[in-house]
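Source file query-v3.tsv; content: TSV, C-alpha atoms.
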```
chain	number	residue	atom	x	y	z
G	1	MET	CA	-42.82	-66.28	42.59
G	2	ARG	CA	-44.46	-62.86	42.51
G	3	THR	CA	-41.23	-61.02	43.27
G	4	SER	CA	-39.23	-62.98	40.72
G	5	THR	CA	-41.82	-62.27	38.06
G	6	ILE	CA	-41.60	-58.55	38.77
G	7	PHE	CA	-37.77	-58.54	38.51
G	8	SER	CA	-37.95	-60.54	35.30
G	9	LEU	CA	-40.34	-58.10	33.79
G	10	LEU	CA	-38.22	-55.13	34.91
G	11	PHE	CA	-35.13	-56.66	33.33
G	12	LEU	CA	-37.06	-57.29	30.16
G	13	ALA	CA	-38.29	-53.68	30.06
G	14	ALA	CA	-34.84	-52.27	30.64
G	15	SER	CA	-33.23	-54.50	28.04
G	16	THR	CA	-35.73	-53.38	25.38
G	17	VAL	CA	-34.96	-49.70	25.95
G	18	VAL	CA	-31.17	-49.59	26.52
G	19	PRO	CA	-30.08	-50.83	23.03
G	20	GLY	CA	-31.13	-47.34	21.68
G	21	CYS	CA	-27.90	-45.81	23.08
G	22	THR	CA	-24.94	-47.70	21.72
G	23	CYS	CA	-22.53	-44.82	20.88
G	24	VAL	CA	-19.96	-42.87	22.89
G	25	ALA	CA	-21.56	-40.87	25.61
G	26	ARG	CA	-19.32	-37.96	26.52
G	27	ASP	CA	-19.92	-35.83	29.52
G	28	ALA	CA	-20.23	-32.10	28.85
G	29	GLU	CA	-16.59	-31.32	29.70
G	30	THR	CA	-15.24	-34.04	27.42
G	31	TYR	CA	-17.65	-33.08	24.68
G	32	LYS	CA	-16.42	-29.48	24.96
G	33	ALA	CA	-12.74	-30.45	24.98
G	34	ASP	CA	-13.10	-32.80	22.01
G	35	THR	CA	-15.03	-30.21	20.03
G	36	ARG	CA	-12.39	-27.60	20.84
G	37	ASN	CA	-9.71	-29.94	19.52
G	38	VAL	CA	-11.66	-30.25	16.28
G	39	LEU	CA	-12.01	-26.48	16.02
G	40	GLU	CA	-8.31	-25.98	16.63
G	41	THR	CA	-7.55	-27.85	13.43
G	42	ARG	CA	-8.74	-24.69	11.70
G	43	ASN	CA	-6.49	-22.28	13.61
G	44	ARG	CA	-4.41	-21.50	10.53
G	45	THR	CA	-7.49	-20.77	8.41
G	46	ILE	CA	-8.97	-18.55	11.10
G	47	LYS	CA	-5.71	-16.64	11.46
G	48	ASP	CA	-5.77	-16.12	7.71
G	49	CYS	CA	-9.31	-14.74	8.04
G	50	TYR	CA	-8.03	-12.28	10.61
G	51	ASP	CA	-4.92	-11.32	8.69
G	52	VAL	CA	-7.09	-10.52	5.68
G	53	ALA	CA	-9.30	-8.34	7.88
G	54	LEU	CA	-6.18	-6.60	9.19
G	55	THR	CA	-5.26	-5.50	5.69
G	56	THR	CA	-8.34	-3.26	5.82
G	57	ASP	CA	-7.85	-2.13	9.40
G	58	PRO	CA	-4.41	-2.89	10.89
G	59	LYS	CA	-5.67	-2.13	14.41
G	60	LEU	CA	-8.78	-4.32	14.21
G	61	ASP	CA	-9.51	-6.51	17.22
G	62	GLY	CA	-12.67	-8.07	18.61
G	63	VAL	CA	-14.60	-11.16	19.55
G	64	VAL	CA	-16.62	-13.56	17.43
G	65	VAL	CA	-19.05	-15.89	19.22
G	66	VAL	CA	-20.29	-18.83	17.20
G	67	LYS	CA	-23.03	-21.30	18.03
G	68	PHE	CA	-23.44	-24.64	16.31
G	69	LYS	CA	-24.77	-28.13	16.64
G	70	VAL	CA	-22.69	-31.29	16.60
G	71	GLU	CA	-24.90	-33.82	14.94
G	72	LYS	CA	-25.07	-37.07	16.88
G	73	LYS	CA	-25.46	-39.32	13.83
G	74	THR	CA	-22.50	-37.95	11.86
G	75	GLY	CA	-20.47	-35.90	14.33
G	76	LYS	CA	-20.70	-33.06	11.83
G	77	ILE	CA	-20.79	-29.42	12.89
G	78	ILE	CA	-23.96	-27.97	11.42
G	79	ASP	CA	-26.27	-25.00	11.85
G	80	THR	CA	-23.24	-22.79	12.48
G	81	ALA	CA	-24.19	-19.21	13.16
G	82	VAL	CA	-22.71	-16.10	14.72
G	83	ASP	CA	-24.19	-14.86	17.96
G	84	PRO	CA	-24.75	-11.27	16.90
G	85	ALA	CA	-25.41	-9.99	20.41
G	86	ARG	CA	-21.99	-11.08	21.69
G	87	THR	CA	-19.94	-10.66	18.55
G	88	LYS	CA	-17.84	-7.55	18.16
G	89	ALA	CA	-16.11	-7.89	14.83
G	90	PRO	CA	-16.74	-7.05	11.19
G	91	GLU	CA	-19.25	-9.22	9.39
G	92	SER	CA	-16.65	-10.37	6.86
G	93	LEU	CA	-14.48	-11.80	9.65
G	94	SER	CA	-17.43	-13.52	11.37
G	95	LYS	CA	-18.55	-15.01	8.09
G	96	CYS	CA	-15.06	-16.30	7.36
G	97	ILE	CA	-14.96	-18.08	10.73
G	98	VAL	CA	-18.38	-19.63	10.27
G	99	GLU	CA	-17.25	-20.97	6.91
G	100	ALA	CA	-14.02	-22.27	8.45
G	101	VAL	CA	-15.67	-24.37	11.16
G	102	ASP	CA	-18.90	-25.39	9.47
G	103	GLY	CA	-18.78	-28.99	8.31
G	104	LEU	CA	-15.96	-30.13	10.62
G	105	THR	CA	-16.53	-33.60	12.05
G	106	LEU	CA	-16.21	-34.89	15.58
G	107	ASP	CA	-14.84	-38.41	15.70
G	108	PRO	CA	-16.02	-40.67	17.24
G	109	VAL	CA	-19.56	-39.44	17.09
G	110	ASP	CA	-21.47	-38.95	20.31
G	111	GLN	CA	-24.78	-40.52	21.15
G	112	ARG	CA	-26.13	-37.08	21.84
G	113	ASP	CA	-26.26	-33.90	19.83
G	114	GLY	CA	-24.00	-31.19	21.11
G	115	MET	CA	-25.23	-27.63	21.34
G	116	ALA	CA	-22.01	-25.69	21.47
G	117	THR	CA	-20.94	-22.11	21.88
G	118	PHE	CA	-17.33	-21.09	21.19
G	119	SER	CA	-15.69	-17.73	20.97
G	120	TRP	CA	-12.58	-16.39	19.31
G	121	THR	CA	-10.75	-13.33	20.54
G	122	PHE	CA	-8.71	-11.41	17.97
G	123	LYS	CA	-5.73	-9.31	18.83
G	124	ALA	CA	-3.27	-7.74	16.41
G	125	ASN	CA	0.48	-7.57	16.77
G	126	GLU	CA	2.14	-4.22	16.25
G	127	PRO	CA	2.71	-3.65	12.55
G	128	LYS	CA	6.28	-4.06	11.41
G	129	PRO	CA	7.96	-0.75	10.63
G	130	ALA	CA	7.90	0.30	7.01
G	131	GLU	CA	11.00	-0.26	4.98
G	132	GLU	CA	12.39	2.38	2.71
G	133	SER	CA	11.76	1.46	-0.87
G	134	ALA	CA	14.77	0.57	-2.89
G	135	SER	CA	15.25	2.53	-6.04
K	136	MET	CA	-52.50	-69.52	39.36
K	137	PRO	CA	-51.91	-65.89	40.09
K	138	SER	CA	-54.90	-63.99	41.12
K	139	VAL	CA	-56.31	-61.04	39.17
K	140	ARG	CA	-54.98	-58.78	41.87
K	141	THR	CA	-51.46	-60.09	41.45
K	142	PHE	CA	-51.70	-59.71	37.66
K	143	ARG	CA	-52.76	-56.06	38.00
K	144	ALA	CA	-49.88	-55.37	40.38
K	145	VAL	CA	-47.38	-56.89	37.97
K	146	THR	CA	-48.80	-54.95	35.02
K	147	SER	CA	-48.70	-51.73	36.96
K	148	THR	CA	-45.09	-52.32	38.03
K	149	LEU	CA	-44.12	-53.15	34.48
K	150	LEU	CA	-45.67	-49.97	33.10
K	151	THR	CA	-43.94	-47.89	35.76
K	152	SER	CA	-40.63	-49.53	34.92
K	153	LEU	CA	-41.08	-48.91	31.21
K	154	THR	CA	-41.98	-45.28	31.80
K	155	LEU	CA	-38.95	-44.82	34.04
K	156	ALA	CA	-36.64	-46.55	31.57
K	157	ALA	CA	-37.95	-44.50	28.66
K	158	GLY	CA	-37.53	-41.36	30.72
K	159	LEU	CA	-33.95	-42.29	31.52
K	160	GLN	CA	-33.33	-43.05	27.88
K	161	LEU	CA	-34.65	-39.69	26.78
K	162	ALA	CA	-32.55	-37.92	29.37
K	163	ALA	CA	-29.45	-39.83	28.31
K	164	CYS	CA	-29.86	-39.07	24.58
K	165	GLY	CA	-30.91	-35.40	24.85
K	166	PRO	CA	-28.46	-32.81	23.53
K	167	THR	CA	-25.42	-31.92	25.55
K	168	VAL	CA	-25.25	-28.16	25.87
K	169	PHE	CA	-21.86	-26.66	26.51
K	170	GLU	CA	-20.05	-23.39	26.15
K	171	ASP	CA	-16.31	-22.93	26.19
K	172	ALA	CA	-15.57	-20.10	28.57
K	173	THR	CA	-11.96	-20.02	27.47
K	174	THR	CA	-11.89	-18.16	24.19
K	175	LEU	CA	-9.69	-19.27	21.36
K	176	THR	CA	-7.19	-16.46	20.99
K	177	VAL	CA	-6.02	-15.50	17.54
K	178	VAL	CA	-3.07	-13.14	17.21
K	179	GLY	CA	-2.90	-11.53	13.79
K	180	ASP	CA	-0.11	-9.89	11.93
K	181	PRO	CA	-1.10	-6.68	10.23
K	182	PRO	CA	0.62	-6.09	6.93
K	183	PRO	CA	3.59	-3.76	7.10
K	184	PRO	CA	2.78	-0.24	5.97
K	185	PRO	CA	3.74	0.61	2.42
K	186	PRO	CA	7.41	1.41	2.08
K	187	LYS	CA	8.35	5.00	2.55
K	188	PRO	CA	9.12	6.58	-0.76
K	189	LYS	CA	12.76	7.35	-1.07
K	190	VAL	CA	13.24	11.07	-1.03
K	191	VAL	CA	15.02	12.02	-4.17
K	192	ILE	CA	16.27	15.54	-4.22
K	193	ALA	CA	16.24	16.61	-7.81
K	194	LYS	CA	19.60	17.85	-8.87
K	195	PRO	CA	19.21	21.31	-10.35
K	196	LYS	CA	19.72	21.26	-14.08
K	197	ARG	CA	22.94	22.77	-15.27
K	198	VAL	CA	21.26	24.31	-18.29
K	199	GLU	CA	17.63	25.32	-18.56
K	200	VAL	CA	15.43	27.52	-20.69
K	201	GLN	CA	13.64	30.26	-18.74
K	202	ASP	CA	11.39	32.68	-20.64
K	203	ASN	CA	13.78	34.64	-22.83
K	204	ARG	CA	17.11	33.22	-21.73
K	205	ILE	CA	19.06	30.05	-21.30
K	206	VAL	CA	20.26	29.89	-17.72
K	207	ILE	CA	23.57	28.17	-17.00
K	208	ASN	CA	23.93	27.12	-13.38
K	209	GLU	CA	27.62	26.48	-13.81
K	210	LYS	CA	30.38	28.64	-15.20
K	211	ILE	CA	32.08	28.20	-18.51
K	212	GLN	CA	35.73	27.97	-17.56
K	213	PHE	CA	38.31	29.89	-19.58
K	214	ASP	CA	42.08	29.85	-19.42
K	215	PHE	CA	43.37	32.73	-17.33
K	216	ASN	CA	43.33	36.00	-19.27
K	217	LYS	CA	42.47	34.10	-22.42
K	218	ALA	CA	39.40	33.29	-24.47
K	219	THR	CA	40.11	29.57	-24.56
K	220	ILE	CA	37.40	27.34	-23.12
K	221	LYS	CA	38.90	24.83	-20.73
K	222	PRO	CA	38.32	21.13	-21.51
K	223	GLU	CA	36.53	20.68	-18.18
K	224	SER	CA	33.71	22.81	-19.58
K	225	ASP	CA	33.20	20.53	-22.59
K	226	SER	CA	30.34	18.61	-20.97
K	227	LEU	CA	28.64	21.87	-20.01
K	228	MET	CA	29.04	23.19	-23.54
K	229	GLN	CA	27.60	19.95	-24.91
K	230	GLU	CA	24.62	20.36	-22.62
K	231	ILE	CA	24.07	23.89	-23.90
K	232	ILE	CA	24.14	22.54	-27.45
K	233	ASN	CA	21.62	19.85	-26.52
K	234	VAL	CA	19.26	22.33	-24.89
K	235	ILE	CA	19.36	24.60	-27.94
K	236	LYS	CA	18.62	21.63	-30.20
K	237	GLU	CA	15.83	20.38	-27.95
K	238	ASN	CA	14.13	23.78	-28.11
K	239	PRO	CA	13.58	24.52	-31.78
K	240	HIS	CA	11.37	27.45	-30.87
K	241	ILE	CA	14.57	29.34	-30.03
K	242	LYS	CA	15.46	31.16	-33.22
K	243	LYS	CA	18.16	33.61	-32.17
K	244	LEU	CA	20.51	33.88	-29.23
K	245	ALA	CA	22.67	36.73	-28.03
K	246	ILE	CA	25.78	35.50	-26.26
K	247	GLU	CA	27.07	38.08	-23.80
K	248	GLY	CA	30.42	38.07	-22.08
K	249	HIS	CA	30.94	39.91	-18.77
K	250	THR	CA	33.90	40.44	-16.47
K	251	SER	CA	34.57	41.72	-13.00
K	252	SER	CA	36.08	45.16	-12.43
K	253	GLU	CA	39.60	43.78	-12.10
K	254	GLY	CA	41.79	45.11	-14.89
K	255	SER	CA	41.26	48.01	-17.21
K	256	ASP	CA	37.91	48.72	-18.81
K	257	LYS	CA	39.36	48.38	-22.26
K	258	TYR	CA	41.04	45.09	-21.51
K	259	ASN	CA	37.93	43.66	-19.88
K	260	LEU	CA	35.75	44.72	-22.75
K	261	LYS	CA	38.08	43.05	-25.21
K	262	LEU	CA	38.46	39.87	-23.14
K	263	SER	CA	34.71	39.48	-22.58
K	264	ASP	CA	34.07	40.05	-26.27
K	265	LYS	CA	36.62	37.43	-27.23
K	266	ARG	CA	35.17	34.97	-24.74
K	267	ALA	CA	31.60	35.50	-26.02
K	268	LYS	CA	32.80	34.88	-29.55
K	269	ALA	CA	34.74	31.76	-28.41
K	270	VAL	CA	31.54	30.37	-26.99
K	271	MET	CA	29.68	31.13	-30.20
K	272	ASP	CA	32.38	29.45	-32.28
K	273	TYR	CA	32.23	26.39	-30.07
K	274	LEU	CA	28.46	26.11	-30.53
K	275	VAL	CA	28.71	26.55	-34.27
K	276	LYS	CA	31.68	24.24	-34.81
K	277	LYS	CA	31.15	21.50	-32.27
K	278	GLY	CA	27.37	21.80	-32.02
K	279	GLU	CA	26.84	22.26	-35.76
K	280	LEU	CA	24.38	25.04	-35.09
K	281	ALA	CA	23.70	27.77	-37.65
K	282	LYS	CA	25.99	30.77	-37.21
K	283	GLU	CA	23.11	33.09	-38.14
K	284	MET	CA	21.40	32.03	-35.00
K	285	PHE	CA	23.94	33.79	-32.78
K	286	THR	CA	25.35	37.17	-31.98
K	287	ALA	CA	28.27	37.45	-29.58
K	288	LYS	CA	29.37	40.55	-27.72
K	289	GLY	CA	31.44	41.47	-24.71
K	290	PHE	CA	30.31	44.04	-22.17
K	291	GLY	CA	33.38	44.06	-19.95
K	292	GLU	CA	32.60	45.20	-16.43
K	293	GLY	CA	29.73	47.41	-17.55
K	294	LYS	CA	26.83	45.20	-16.49
K	295	PRO	CA	27.60	43.76	-13.06
K	296	ILE	CA	25.01	41.61	-11.30
K	297	ALA	CA	26.73	41.56	-7.88
K	298	GLU	CA	28.74	43.86	-5.62
K	299	GLU	CA	32.36	44.14	-6.65
K	300	SER	CA	33.50	44.66	-3.03
K	301	THR	CA	33.79	40.93	-2.37
K	302	GLU	CA	35.57	38.15	-4.19
K	303	GLU	CA	32.28	36.27	-4.34
K	304	GLY	CA	30.60	39.21	-6.05
K	305	LYS	CA	33.45	39.53	-8.54
K	306	GLU	CA	33.18	35.84	-9.34
K	307	LYS	CA	29.47	36.25	-10.04
K	308	ASN	CA	30.15	39.09	-12.41
K	309	ARG	CA	32.55	36.99	-14.48
K	310	ARG	CA	30.00	35.23	-16.66
K	311	VAL	CA	28.59	34.35	-20.05
K	312	GLU	CA	24.87	34.88	-20.63
K	313	PHE	CA	22.61	33.48	-23.29
K	314	ASN	CA	19.65	35.71	-24.09
K	315	ILE	CA	16.95	34.56	-26.48
K	316	THR	CA	16.38	37.42	-28.86
K	317	GLU	CA	13.94	35.67	-31.14
K	318	GLN	CA	11.67	32.72	-30.52
K	319	ASP	CA	8.43	31.16	-31.70
K	320	VAL	CA	5.56	31.61	-29.29
K	321	THR	CA	2.56	29.34	-29.66
K	322	ARG	CA	-0.77	30.45	-28.32
K	323	LYS	CA	-3.45	27.79	-27.92
K	324	LYS	CA	-7.16	28.27	-27.42
K	325	VAL	CA	-8.48	25.34	-25.42
K	326	SER	CA	-12.06	24.35	-24.73
K	327	ILE	CA	-12.76	22.30	-21.62
K	328	ASP	CA	-15.63	19.83	-21.50
K	329	PRO	CA	-17.55	20.70	-18.29
K	330	GLU	CA	-18.48	17.08	-17.68
K	331	SER	CA	-15.32	15.16	-18.45
K	332	GLY	CA	-12.85	18.01	-17.97
K	333	GLU	CA	-11.23	16.96	-21.23
K	334	LYS	CA	-9.28	19.71	-22.98
K	335	THR	CA	-9.50	20.20	-26.73
K	336	VAL	CA	-7.32	22.61	-28.67
K	337	VAL	CA	-9.66	24.64	-30.84
K	338	GLU	CA	-7.12	27.14	-32.14
K	339	GLU	CA	-3.34	27.23	-32.27
K	340	LYS	CA	-1.28	30.21	-33.43
K	341	THR	CA	2.49	30.38	-33.60
K	342	LYS	CA	4.36	33.62	-34.17
K	343	THR	CA	7.97	34.67	-33.91
K	344	VAL	CA	8.60	37.14	-31.13
K	345	GLY	CA	11.73	39.18	-30.71
K	346	ALA	CA	13.22	40.57	-27.52
K	347	ALA	CA	15.24	43.69	-26.94
K	348	VAL	CA	18.91	43.07	-27.54
K	349	ALA	CA	21.38	44.56	-25.11
K	350	LYS	CA	23.68	47.12	-26.66
```
Full structure transcribed into structure tokens:
Amino acid sequence: MRTSTIFSLLFLAASTVVPGCTCVARDAETYKADTRNVLETRNRTIKDCYDVALTTDPKLDGVVVVKFKVEKKTGKIIDTAVDPARTKAPESLSKCIVEAVDGLTLDPVDQRDGMATFSWTFKANEPKPAEESAS
Amino acid sequence: MPSVRTFRAVTSTLLTSLTLAAGLQLAACGPTVFEDATTLTVVGDPPPPPPKPKVVIAKPKRVEVQDNRIVINEKIQFDFNKATIKPESDSLMQEIINVIKENPHIKKLAIEGHTSSEGSDKYNLKLSDKRAKAVMDYLVKKGELAKEMFTAKGFGEGKPIAEESTEEGKEKNRRVEFNITEQDVTRKKVSIDPESGEKTVVEEKTKTVGAAVAK
């Protein structure tokens, strides 16, 4: 009687708490991989950011490290910011990347917020040789 | 009926369970922190450098005005031993006419004919004179330029510009020259704004200046 009462009460306690977590619960590796997939949808935009920067300096290369939060309720990437200590790139390029990824949405949403750090490495191809102007 | 002791034990167990469950819940719903060690690599394409400007070597003008003469960088061709201008020199002659018309400051021109030392002095003098006059006639007739504008004279072999010892030198000496003997010269007084660097003509004077004519 005493033992059964205890188990009943434990079951009751557990069942009142568990319904708080009903969404997908990714492990860190899956969370990272899924977020990366979302970020990769902006590859073209980010390349454009870099190509624009290359018009100013054709030999520009560097790294941009970005931190952001994946909001658990919406899956939205928010609070996107550059990690200035680890970023080695012009501000205009960093800003362009922040704007490119900010607001992306992870689907399905996770039951937990994600605190993510991603980095982009930029490397320029050799410029094409100049053509002689036609006249 | 459970005793008070049993009730306390159950309550205590329940509270412990709730605390543990809540703790587990909090741990499960805390943020997942992750960092991607593999960077996303972006390879950019720098724009091609501006096209190299095509080097255009300016062709020297055949006819140009230099100070007090009209320089002809090509020869007026005459029939052999005659004062007849060959048709292949028509375009050159037309260019001379155009240059004279485009430079109204030129008031008078002395056309001089010169030869190499081949042949007698007398013959050369006569031939060069005839050729100078043929050029003048061409300019007056075909170019419709005023005859008063020109004088034409032959100098034979008297005024060589190159050594006569080589064929090349002789060829150089066979020539027609156009010397400007009278032209309008305009002198302008210009003030320059020290701030903008803009130039303003404050005074302009034009006067006709003559040059020594070869005799």
Quiz prompt | atom CA of Phe290 of chain K to atom CA of Met228 of chain K, straight-line distance in Å | solution =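 Computed distance, atom CA of Met228 of chain K to atom CA of Phe290 of chain K, equals 20.9 Å.
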Counting only C-alpha atoms, chain K residues within 6 Å of chain G, as a PDB file with C-alpha atoms, in the coordinates of the input:
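So the final result, stored in out_12.pdb, reads:
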```
ATOM      1  CA  LEU K 153     -41.080 -48.910  31.210  1.00  0.00           C
ATOM      2  CA  CYS K 164     -29.860 -39.070  24.580  1.00  0.00           C
ATOM      3  CA  GLY K 165     -30.910 -35.400  24.850  1.00  0.00           C
ATOM      4  CA  PRO K 166     -28.460 -32.810  23.530  1.00  0.00           C
ATOM      5  CA  THR K 167     -25.420 -31.920  25.550  1.00  0.00           C
ATOM      6  CA  VAL K 168     -25.250 -28.160  25.870  1.00  0.00           C
ATOM      7  CA  PHE K 169     -21.860 -26.660  26.510  1.00  0.00           C
ATOM      8  CA  GLU K 170     -20.050 -23.390  26.150  1.00  0.00           C
ATOM      9  CA  ASP K 171     -16.310 -22.930  26.190  1.00  0.00           C
ATOM     10  CA  THR K 174     -11.890 -18.160  24.190  1.00  0.00           C
ATOM     11  CA  LEU K 175      -9.690 -19.270  21.360  1.00  0.00           C
ATOM     12  CA  THR K 176      -7.190 -16.460  20.990  1.00  0.00           C
ATOM     13  CA  VAL K 177      -6.020 -15.500  17.540  1.00  0.00           C
ATOM     14  CA  VAL K 178      -3.070 -13.140  17.210  1.00  0.00           C
ATOM     15  CA  GLY K 179      -2.900 -11.530  13.790  1.00  0.00           C
ATOM     16  CA  ASP K 180      -0.110  -9.890  11.930  1.00  0.00           C
ATOM     17  CA  PRO K 181      -1.100  -6.680  10.230  1.00  0.00           C
ATOM     18  CA  PRO K 183       3.590  -3.760   7.100  1.00  0.00           C
ATOM     19  CA  PRO K 184       2.780  -0.240   5.970  1.00  0.00           C
ATOM     20  CA  PRO K 186       7.410   1.410   2.080  1.00  0.00           C
ATOM     21  CA  LYS K 187       8.350   5.000   2.550  1.00  0.00           C
ATOM     22  CA  PRO K 188       9.120   6.580  -0.760  1.00  0.00           C
ATOM     23  CA  LYS K 189      12.760   7.350  -1.070  1.00  0.00           C
TER      24      LYS K 189
END
```
Practice problem: Rounded to one decimal place, report the atom CA of Lys73 of chain G-atom CA of Ile97 of chain G distance in Å. | Solution: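 Taking atom CA of Lys73 of chain G as the start and atom CA of Ile97 of chain G as the end point, the length is 23.9 Å.
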Practice problem: Find the residues near segment 210-226 of chain K: any atom within 9 Å, counting only C-alpha atoms, skip ones fewer than 5 places away on the same chain, and give them as a list in words. | Solution: Ile231, Leu262, Ser263, Asp264, Lys265, Arg266, Ala267, Lys268, Ala269, Val270, Tyr273, Arg309, Arg310 and Val311 of chain K
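Take atom CA of Thr341 of chain K and atom CA of Ile241 of chain K: the distance between them is 12.6 Å.
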